Amino acid sequence: MIKGLLFDINGTLTDILTDETNNDIYRVVSNFLDYYGVKIPADEFRRLYFELNKQQRKDNREAFPEFDVEEIFKTIIRRYGSDFTAKLSHEQRKTLPAMAANVFRATSRFKLQLYPGVLEILATLRKSYRLAAVSDGQSLWAYPELHSVGLSGIFDPVIVSSELGYRKPDSRMFELALKELKLAPSEVIFIGNDMYRDVYGASLLKIKTVFFRSNQGEQRKSGAEPNYIIYNFSELPEAIRFLCGNRK
């Protein structure tokens with residue numbers, strides 16, 4: 001009997017578009033940091049951001065490593081901070097890396113909205129199932145973005161890869177959600193938009209999957225077949241009924 005539904009977030013619930021190659025991001029964040037005495041030219045900031053991101057993943061011994069964006073900004077501030085930076089209050093110095101990372105995300109984000117029908121369908125599903133989120137991403141951004149689109153408080157638990165150091169398809173992300181829900185793999189369905197990270201990842205635990213063929217994610221089959229495919233989020237209730245054995 002299905003008792004819980006696990007959801008990926010970006011590309012499944014939220015239609016999001018970001019572009020970290022845009023040079024304006026690095027100009028804006030460089031200017032922002034300058035107000036706190038952190039002197040780093042935009043081109044150097046861009047180079048270092050990607051270098052530190054890559055180095056974090058390389059140093060991480062996980063099979064599917066995740067990076068920590070706040071740690072990247074802590075390193076940048078430590079390297080390029082000035083005497084002015086050192087004289088900031090303890091609270092300012094403590095919060096500056098997260099603030100800079102949020103400015104970075106805000107500048108790189110060009111779209112954030114729910115797919116049609118998401119809010120209404122989730123409200124209905126909550127009456128019959130426990131809902132959880134299992135998402136790759138940075139918790140620093142994931143929770144505020146859930147709040148922004150009206151999904152704050154919908155999912156319990158919310159599992160975000162940056163808090164773990166590894167990302168899907170690592171089966172431990174799914175196992176953690178199951179543990180917190182106190183449900184078995186046979187009692188949940190996973191809904192995601194990526195054939196490899198979502199469908200293949202969940203299949204490692206023999207979790208039933210619904211693949212949402214949205215405008216994002218890997219759509220080529222990657223080691224596992226989804227149990228059901230939907231092309232619009234509004235088709236999800238029918239997919240769940242089918243996988244529960246109720247085809248009426």
# chains A, B, ... in the order shown; residues from 1 in each chain; ligands from 1
>>> select_by_dssp(residues="region 50-217 of chain A", states="strand (DSSP E)", output="ChimeraX atom specification")
/A:109-114,130-135,158-160,188-192,208-212
>>> write_last_selection(atoms="C-alpha atoms", output="PDB file, in the first residue's frame")
ATOM      1  CA  ARG A 109      18.291  33.183 -11.591  1.00  0.00           C
ATOM      2  CA  PHE A 110      16.133  34.119 -14.562  1.00  0.00           C
ATOM      3  CA  LYS A 111      12.994  32.123 -13.808  1.00  0.00           C
ATOM      4  CA  LEU A 112      11.389  30.484 -10.791  1.00  0.00           C
ATOM      5  CA  GLN A 113       7.788  29.360 -10.929  1.00  0.00           C
ATOM      6  CA  LEU A 114       5.675  26.284 -10.306  1.00  0.00           C
ATOM      7  CA  ARG A 130       2.752  11.844   3.334  1.00  0.00           C
ATOM      8  CA  LEU A 131       4.867  14.097   1.128  1.00  0.00           C
ATOM      9  CA  ALA A 132       8.653  14.419   1.218  1.00  0.00           C
ATOM     10  CA  ALA A 133      11.228  16.134  -1.002  1.00  0.00           C
ATOM     11  CA  VAL A 134      14.560  14.615  -2.050  1.00  0.00           C
ATOM     12  CA  SER A 135      16.526  17.148  -4.040  1.00  0.00           C
ATOM     13  CA  VAL A 158      13.074  17.883   2.947  1.00  0.00           C
ATOM     14  CA  ILE A 159      16.344  16.164   2.024  1.00  0.00           C
ATOM     15  CA  VAL A 160      18.854  18.438   0.245  1.00  0.00           C
ATOM     16  CA  VAL A 188       6.347   5.094  -1.564  1.00  0.00           C
ATOM     17  CA  ILE A 189       6.485   6.455  -5.094  1.00  0.00           C
ATOM     18  CA  PHE A 190       9.236   8.796  -6.291  1.00  0.00           C
ATOM     19  CA  ILE A 191       8.377  11.554  -8.766  1.00  0.00           C
ATOM     20  CA  GLY A 192      11.233  13.182 -10.678  1.00  0.00           C
ATOM     21  CA  LYS A 208       8.276   2.792  -7.916  1.00  0.00           C
ATOM     22  CA  THR A 209       8.885   5.870 -10.054  1.00  0.00           C
ATOM     23  CA  VAL A 210       6.933   8.413 -12.039  1.00  0.00           C
ATOM     24  CA  PHE A 211       9.053  10.209 -14.619  1.00  0.00           C
ATOM     25  CA  PHE A 212       7.894  13.754 -15.394  1.00  0.00           C
TER      26      PHE A 212
END
>>> closest_atom_pairs(of="region 81-185 of chain A", to="region 54-71 of chain A", cutoff="12 Å", atoms="only C-alpha atoms", output="CSV")
residue,atom,partner,partner_atom,distance
A:Lys94,CA,A:Glu70,CA,11.0
A:Thr95,CA,A:Glu70,CA,9.9
A:Leu96,CA,A:Glu70,CA,9.5
A:Pro97,CA,A:Glu70,CA,5.8
A:Ala98,CA,A:Glu70,CA,5.7
A:Met99,CA,A:Glu70,CA,9.1
A:Ala100,CA,A:Glu70,CA,8.6
A:Ala101,CA,A:Glu70,CA,6.4
A:Asn102,CA,A:Glu70,CA,9.3
A:Val103,CA,A:Glu70,CA,11.8
A:Phe104,CA,A:Val69,CA,10.0
A:Arg105,CA,A:Val69,CA,10.1
A:Ser135,CA,A:Glu66,CA,11.6
A:Asp136,CA,A:Glu66,CA,8.3
A:Gly137,CA,A:Glu66,CA,8.1
A:Gln138,CA,A:Asp68,CA,7.0
A:Ser139,CA,A:Asp68,CA,9.2
A:Leu140,CA,A:Glu70,CA,7.9
A:Trp141,CA,A:Val69,CA,9.7
A:Val160,CA,A:Glu66,CA,10.1
A:Ser161,CA,A:Glu66,CA,6.6
A:Ser162,CA,A:Glu66,CA,5.9
A:Glu163,CA,A:Asp68,CA,8.3
A:Leu164,CA,A:Glu66,CA,7.9
A:Gly165,CA,A:Glu66,CA,4.9
A:Tyr166,CA,A:Pro65,CA,4.5
A:Arg167,CA,A:Phe64,CA,5.6
A:Lys168,CA,A:Phe64,CA,7.0
A:Pro169,CA,A:Phe64,CA,7.5
A:Asp170,CA,A:Phe64,CA,6.7
A:Ser171,CA,A:Phe64,CA,10.5
A:Arg172,CA,A:Phe64,CA,11.0
A:Met173,CA,A:Phe64,CA,11.2
>>> residues_around(residues="Arg79 (chain A)", least_positions_apart="3", cutoff="12 Å", atoms="only C-alpha atoms", output="number ranges by chain")
A: 37-40, 44-45, 48, 72-76, 82-83, 85-86
>>> write_last_selection(atoms="C-alpha atoms", output="PDB file, in the first residue's frame")
ATOM      1  CA  GLY A  37      36.090  45.374   1.966  1.00  0.00           C
ATOM      2  CA  VAL A  38      36.460  42.201  -0.109  1.00  0.00           C
ATOM      3  CA  LYS A  39      38.465  43.267  -3.158  1.00  0.00           C
ATOM      4  CA  ILE A  40      38.174  40.689  -5.918  1.00  0.00           C
ATOM      5  CA  GLU A  44      39.091  36.620 -10.931  1.00  0.00           C
ATOM      6  CA  PHE A  45      35.935  35.917  -8.935  1.00  0.00           C
ATOM      7  CA  LEU A  48      37.974  31.189  -8.597  1.00  0.00           C
ATOM      8  CA  ILE A  72      33.224  28.669  -1.511  1.00  0.00           C
ATOM      9  CA  PHE A  73      32.297  32.181  -0.439  1.00  0.00           C
ATOM     10  CA  LYS A  74      33.995  31.769   2.929  1.00  0.00           C
ATOM     11  CA  THR A  75      37.221  30.933   1.071  1.00  0.00           C
ATOM     12  CA  ILE A  76      36.868  33.893  -1.307  1.00  0.00           C
ATOM     13  CA  SER A  82      40.886  43.581   3.747  1.00  0.00           C
ATOM     14  CA  ASP A  83      41.487  45.282   7.085  1.00  0.00           C
ATOM     15  CA  THR A  85      36.567  43.293   6.388  1.00  0.00           C
ATOM     16  CA  ALA A  86      38.356  42.271   9.574  1.00  0.00           C
TER      17      ALA A  86
END
>>> select_by_dssp(residues="region 74-243 of chain A", states="helix (DSSP H, G or I)", output="tab-separated table (two decimals) with N, CA and C atoms, in the first residue's frame")
chain	number	residue	atom	x	y	z
A	74	LYS	N	33.13	31.58	1.76
A	74	LYS	CA	33.99	31.77	2.93
A	74	LYS	C	35.46	31.83	2.50
A	75	THR	N	35.84	30.96	1.57
A	75	THR	CA	37.22	30.93	1.07
A	75	THR	C	37.56	32.21	0.33
A	76	ILE	N	36.64	32.67	-0.54
A	76	ILE	CA	36.87	33.89	-1.31
A	76	ILE	C	37.02	35.09	-0.38
A	77	ILE	N	36.16	35.19	0.61
A	77	ILE	CA	36.21	36.32	1.55
A	77	ILE	C	37.48	36.27	2.39
A	78	ARG	N	37.87	35.09	2.80
A	78	ARG	CA	39.09	34.95	3.58
A	78	ARG	C	40.32	35.36	2.77
A	79	ARG	N	40.37	35.01	1.49
A	79	ARG	CA	41.52	35.31	0.65
A	79	ARG	C	41.60	36.78	0.24
A	80	TYR	N	40.45	37.38	0.01
A	80	TYR	CA	40.44	38.73	-0.57
A	80	TYR	C	39.91	39.81	0.37
A	83	ASP	N	41.58	44.85	5.69
A	83	ASP	CA	41.49	45.28	7.09
A	83	ASP	C	40.07	45.75	7.41
A	84	PHE	N	39.43	46.35	6.41
A	84	PHE	CA	38.04	46.80	6.60
A	84	PHE	C	37.13	45.60	6.90
A	85	THR	N	37.35	44.51	6.17
A	85	THR	CA	36.57	43.29	6.39
A	85	THR	C	36.77	42.77	7.80
A	86	ALA	N	38.02	42.79	8.24
A	86	ALA	CA	38.36	42.27	9.57
A	86	ALA	C	37.70	43.09	10.68
A	90	HIS	N	31.17	40.85	14.41
A	90	HIS	CA	31.17	39.38	14.35
A	90	HIS	C	29.97	38.88	13.55
A	91	GLU	N	28.82	39.49	13.78
A	91	GLU	CA	27.61	39.06	13.08
A	91	GLU	C	27.71	39.31	11.58
A	92	GLN	N	28.28	40.44	11.18
A	92	GLN	CA	28.45	40.74	9.75
A	92	GLN	C	29.38	39.74	9.09
A	93	ARG	N	30.50	39.45	9.74
A	93	ARG	CA	31.45	38.50	9.17
A	93	ARG	C	30.87	37.09	9.11
A	94	LYS	N	30.04	36.76	10.07
A	94	LYS	CA	29.42	35.44	10.11
A	94	LYS	C	28.40	35.25	8.99
A	95	THR	N	27.64	36.28	8.69
A	95	THR	CA	26.56	36.16	7.72
A	95	THR	C	26.96	36.53	6.30
A	96	LEU	N	28.10	37.16	6.13
A	96	LEU	CA	28.49	37.65	4.80
A	96	LEU	C	28.59	36.55	3.75
A	97	PRO	N	29.20	35.38	4.03
A	97	PRO	CA	29.28	34.35	2.98
A	97	PRO	C	27.90	33.93	2.46
A	98	ALA	N	26.95	33.74	3.36
A	98	ALA	CA	25.60	33.34	2.93
A	98	ALA	C	24.92	34.47	2.16
A	99	MET	N	25.12	35.71	2.61
A	99	MET	CA	24.53	36.84	1.91
A	99	MET	C	25.07	36.94	0.49
A	100	ALA	N	26.39	36.80	0.35
A	100	ALA	CA	27.01	36.89	-0.97
A	100	ALA	C	26.54	35.75	-1.87
A	101	ALA	N	26.41	34.55	-1.29
A	101	ALA	CA	25.93	33.41	-2.06
A	101	ALA	C	24.49	33.63	-2.54
A	102	ASN	N	23.69	34.29	-1.72
A	102	ASN	CA	22.31	34.57	-2.11
A	102	ASN	C	22.23	35.64	-3.19
A	103	VAL	N	23.11	36.63	-3.12
A	103	VAL	CA	23.18	37.62	-4.20
A	103	VAL	C	23.59	36.93	-5.50
A	104	PHE	N	24.53	36.02	-5.39
A	104	PHE	CA	24.98	35.23	-6.55
A	104	PHE	C	23.80	34.48	-7.17
A	105	ARG	N	23.05	33.79	-6.34
A	105	ARG	CA	21.91	33.02	-6.84
A	105	ARG	C	20.85	33.93	-7.43
A	106	ALA	N	20.55	35.01	-6.76
A	106	ALA	CA	19.52	35.93	-7.25
A	106	ALA	C	19.89	36.50	-8.61
A	107	THR	N	21.17	36.80	-8.81
A	107	THR	CA	21.61	37.38	-10.08
A	107	THR	C	21.64	36.34	-11.19
A	108	SER	N	21.90	35.10	-10.83
A	108	SER	CA	21.98	34.04	-11.85
A	108	SER	C	20.62	33.43	-12.18
A	118	VAL	N	0.68	22.44	-9.86
A	118	VAL	CA	1.44	21.82	-8.77
A	118	VAL	C	0.80	22.08	-7.40
A	119	LEU	N	0.50	23.33	-7.10
A	119	LEU	CA	0.01	23.67	-5.78
A	119	LEU	C	-1.32	22.98	-5.48
A	120	GLU	N	-2.21	23.01	-6.43
A	120	GLU	CA	-3.53	22.41	-6.23
A	120	GLU	C	-3.44	20.89	-6.08
A	121	ILE	N	-2.61	20.27	-6.91
A	121	ILE	CA	-2.48	18.80	-6.87
A	121	ILE	C	-1.82	18.35	-5.58
A	122	LEU	N	-0.80	19.06	-5.14
A	122	LEU	CA	-0.15	18.69	-3.89
A	122	LEU	C	-1.10	18.84	-2.71
A	123	ALA	N	-1.92	19.89	-2.74
A	123	ALA	CA	-2.89	20.09	-1.66
A	123	ALA	C	-3.85	18.91	-1.57
A	124	THR	N	-4.23	18.37	-2.70
A	124	THR	CA	-5.12	17.21	-2.72
A	124	THR	C	-4.40	15.95	-2.26
A	125	LEU	N	-3.18	15.76	-2.75
A	125	LEU	CA	-2.41	14.56	-2.40
A	125	LEU	C	-2.08	14.50	-0.92
A	139	SER	N	21.05	23.88	0.20
A	139	SER	CA	19.98	24.18	1.15
A	139	SER	C	19.83	25.68	1.37
A	140	LEU	N	20.94	26.41	1.20
A	140	LEU	CA	20.91	27.86	1.34
A	140	LEU	C	19.92	28.49	0.37
A	141	TRP	N	19.74	27.85	-0.76
A	141	TRP	CA	18.81	28.35	-1.79
A	141	TRP	C	17.50	27.57	-1.81
A	142	ALA	N	17.55	26.29	-1.52
A	142	ALA	CA	16.38	25.42	-1.70
A	142	ALA	C	15.21	25.84	-0.81
A	143	TYR	N	15.48	26.08	0.48
A	143	TYR	CA	14.39	26.40	1.39
A	143	TYR	C	13.74	27.75	1.07
A	144	PRO	N	14.52	28.82	0.81
A	144	PRO	CA	13.88	30.08	0.43
A	144	PRO	C	13.12	29.99	-0.89
A	145	GLU	N	13.62	29.19	-1.82
A	145	GLU	CA	12.92	29.06	-3.11
A	145	GLU	C	11.62	28.28	-2.95
A	146	LEU	N	11.59	27.28	-2.07
A	146	LEU	CA	10.34	26.60	-1.77
A	146	LEU	C	9.33	27.58	-1.19
A	147	HIS	N	9.81	28.44	-0.29
A	147	HIS	CA	8.93	29.45	0.31
A	147	HIS	C	8.43	30.42	-0.75
A	148	SER	N	9.33	30.81	-1.66
A	148	SER	CA	8.99	31.79	-2.68
A	148	SER	C	7.83	31.33	-3.56
A	161	SER	N	20.84	17.77	-0.95
A	161	SER	CA	22.15	17.13	-1.09
A	161	SER	C	23.30	17.88	-0.43
A	162	SER	N	23.26	19.21	-0.42
A	162	SER	CA	24.38	19.96	0.13
A	162	SER	C	24.55	19.71	1.62
A	163	GLU	N	23.50	19.29	2.30
A	163	GLU	CA	23.58	19.01	3.73
A	163	GLU	C	24.21	17.65	4.00
A	171	SER	N	21.81	6.19	-3.31
A	171	SER	CA	20.60	5.64	-2.69
A	171	SER	C	20.41	6.10	-1.25
A	172	ARG	N	21.49	6.60	-0.61
A	172	ARG	CA	21.36	7.05	0.78
A	172	ARG	C	20.42	8.23	0.93
A	173	MET	N	20.28	9.05	-0.12
A	173	MET	CA	19.34	10.17	-0.05
A	173	MET	C	17.91	9.65	0.07
A	174	PHE	N	17.59	8.63	-0.71
A	174	PHE	CA	16.27	8.04	-0.65
A	174	PHE	C	16.07	7.29	0.68
A	175	GLU	N	17.12	6.60	1.11
A	175	GLU	CA	17.04	5.86	2.38
A	175	GLU	C	16.78	6.79	3.55
A	176	LEU	N	17.40	7.97	3.52
A	176	LEU	CA	17.20	8.92	4.60
A	176	LEU	C	15.75	9.39	4.66
A	177	ALA	N	15.17	9.65	3.49
A	177	ALA	CA	13.76	10.05	3.45
A	177	ALA	C	12.86	8.93	3.98
A	178	LEU	N	13.15	7.70	3.58
A	178	LEU	CA	12.36	6.57	4.05
A	178	LEU	C	12.48	6.41	5.56
A	179	LYS	N	13.68	6.59	6.07
A	179	LYS	CA	13.91	6.46	7.51
A	179	LYS	C	13.10	7.49	8.29
A	180	GLU	N	13.11	8.72	7.81
A	180	GLU	CA	12.38	9.78	8.52
A	180	GLU	C	10.87	9.60	8.40
A	181	LEU	N	10.43	9.05	7.27
A	181	LEU	CA	9.00	8.79	7.08
A	181	LEU	C	8.56	7.51	7.79
A	185	PRO	N	10.47	0.93	1.08
A	185	PRO	CA	10.49	1.30	-0.34
A	185	PRO	C	9.19	0.96	-1.07
A	186	SER	N	8.56	-0.14	-0.69
A	186	SER	CA	7.32	-0.56	-1.35
A	186	SER	C	6.14	0.32	-1.00
A	187	GLU	N	6.32	1.21	-0.02
A	187	GLU	CA	5.21	2.05	0.44
A	187	GLU	C	5.27	3.47	-0.11
A	195	MET	N	16.12	10.95	-15.63
A	195	MET	CA	16.16	9.50	-15.78
A	195	MET	C	17.28	8.86	-14.97
A	196	TYR	N	18.39	9.56	-14.85
A	196	TYR	CA	19.53	8.98	-14.14
A	196	TYR	C	19.44	9.23	-12.64
A	197	ARG	N	19.42	10.50	-12.26
A	197	ARG	CA	19.46	10.85	-10.84
A	197	ARG	C	18.19	10.43	-10.10
A	198	ASP	N	17.05	10.54	-10.76
A	198	ASP	CA	15.77	10.26	-10.09
A	198	ASP	C	15.30	8.83	-10.31
A	199	VAL	N	15.06	8.46	-11.57
A	199	VAL	CA	14.51	7.14	-11.87
A	199	VAL	C	15.49	6.03	-11.52
A	200	TYR	N	16.72	6.16	-12.00
A	200	TYR	CA	17.72	5.14	-11.69
A	200	TYR	C	18.03	5.12	-10.20
A	201	GLY	N	18.19	6.30	-9.60
A	201	GLY	CA	18.51	6.37	-8.18
A	201	GLY	C	17.46	5.69	-7.32
A	202	ALA	N	16.19	5.99	-7.56
A	202	ALA	CA	15.12	5.38	-6.77
A	202	ALA	C	15.01	3.89	-7.04
A	203	SER	N	15.30	3.49	-8.27
A	203	SER	CA	15.17	2.07	-8.62
A	203	SER	C	16.18	1.20	-7.88
A	233	PHE	N	2.17	17.94	-15.20
A	233	PHE	CA	2.04	17.60	-13.78
A	233	PHE	C	0.61	17.21	-13.43
A	234	SER	N	-0.36	17.73	-14.19
A	234	SER	CA	-1.76	17.42	-13.94
A	234	SER	C	-2.07	15.94	-14.13
A	235	GLU	N	-1.18	15.20	-14.78
A	235	GLU	CA	-1.38	13.77	-15.00
A	235	GLU	C	-0.93	12.92	-13.81
A	236	LEU	N	-0.33	13.55	-12.81
A	236	LEU	CA	0.23	12.80	-11.68
A	236	LEU	C	-0.82	12.01	-10.89
A	237	PRO	N	-1.97	12.58	-10.56
A	237	PRO	CA	-2.95	11.78	-9.80
A	237	PRO	C	-3.32	10.47	-10.50
A	238	GLU	N	-3.47	10.51	-11.82
A	238	GLU	CA	-3.80	9.29	-12.56
A	238	GLU	C	-2.64	8.30	-12.50
A	239	ALA	N	-1.41	8.80	-12.57
A	239	ALA	CA	-0.25	7.92	-12.46
A	239	ALA	C	-0.22	7.22	-11.10
A	240	ILE	N	-0.52	7.96	-10.06
A	240	ILE	CA	-0.53	7.38	-8.71
A	240	ILE	C	-1.63	6.35	-8.57
A	241	ARG	N	-2.80	6.65	-9.10
A	241	ARG	CA	-3.90	5.67	-9.06
A	241	ARG	C	-3.50	4.39	-9.78
A	242	PHE	N	-2.85	4.52	-10.91
A	242	PHE	CA	-2.43	3.35	-11.68
A	242	PHE	C	-1.43	2.52	-10.88
A	243	LEU	N	-0.44	3.18	-10.28
A	243	LEU	CA	0.59	2.45	-9.55
A	243	LEU	C	0.08	1.87	-8.23
>>> atom_distance(atom1="CA of Gln219 (chain A)", atom2="CA of Arg126 (chain A)")
27.8 Å
>>> atom_distance(atom1="CA of Ile230 (chain A)", atom2="CA of Asn215 (chain A)")
12.2 Å
>>> atom_distance(atom1="CA of Gly81 (chain A)", atom2="CA of Tyr36 (chain A)")
8.0 Å
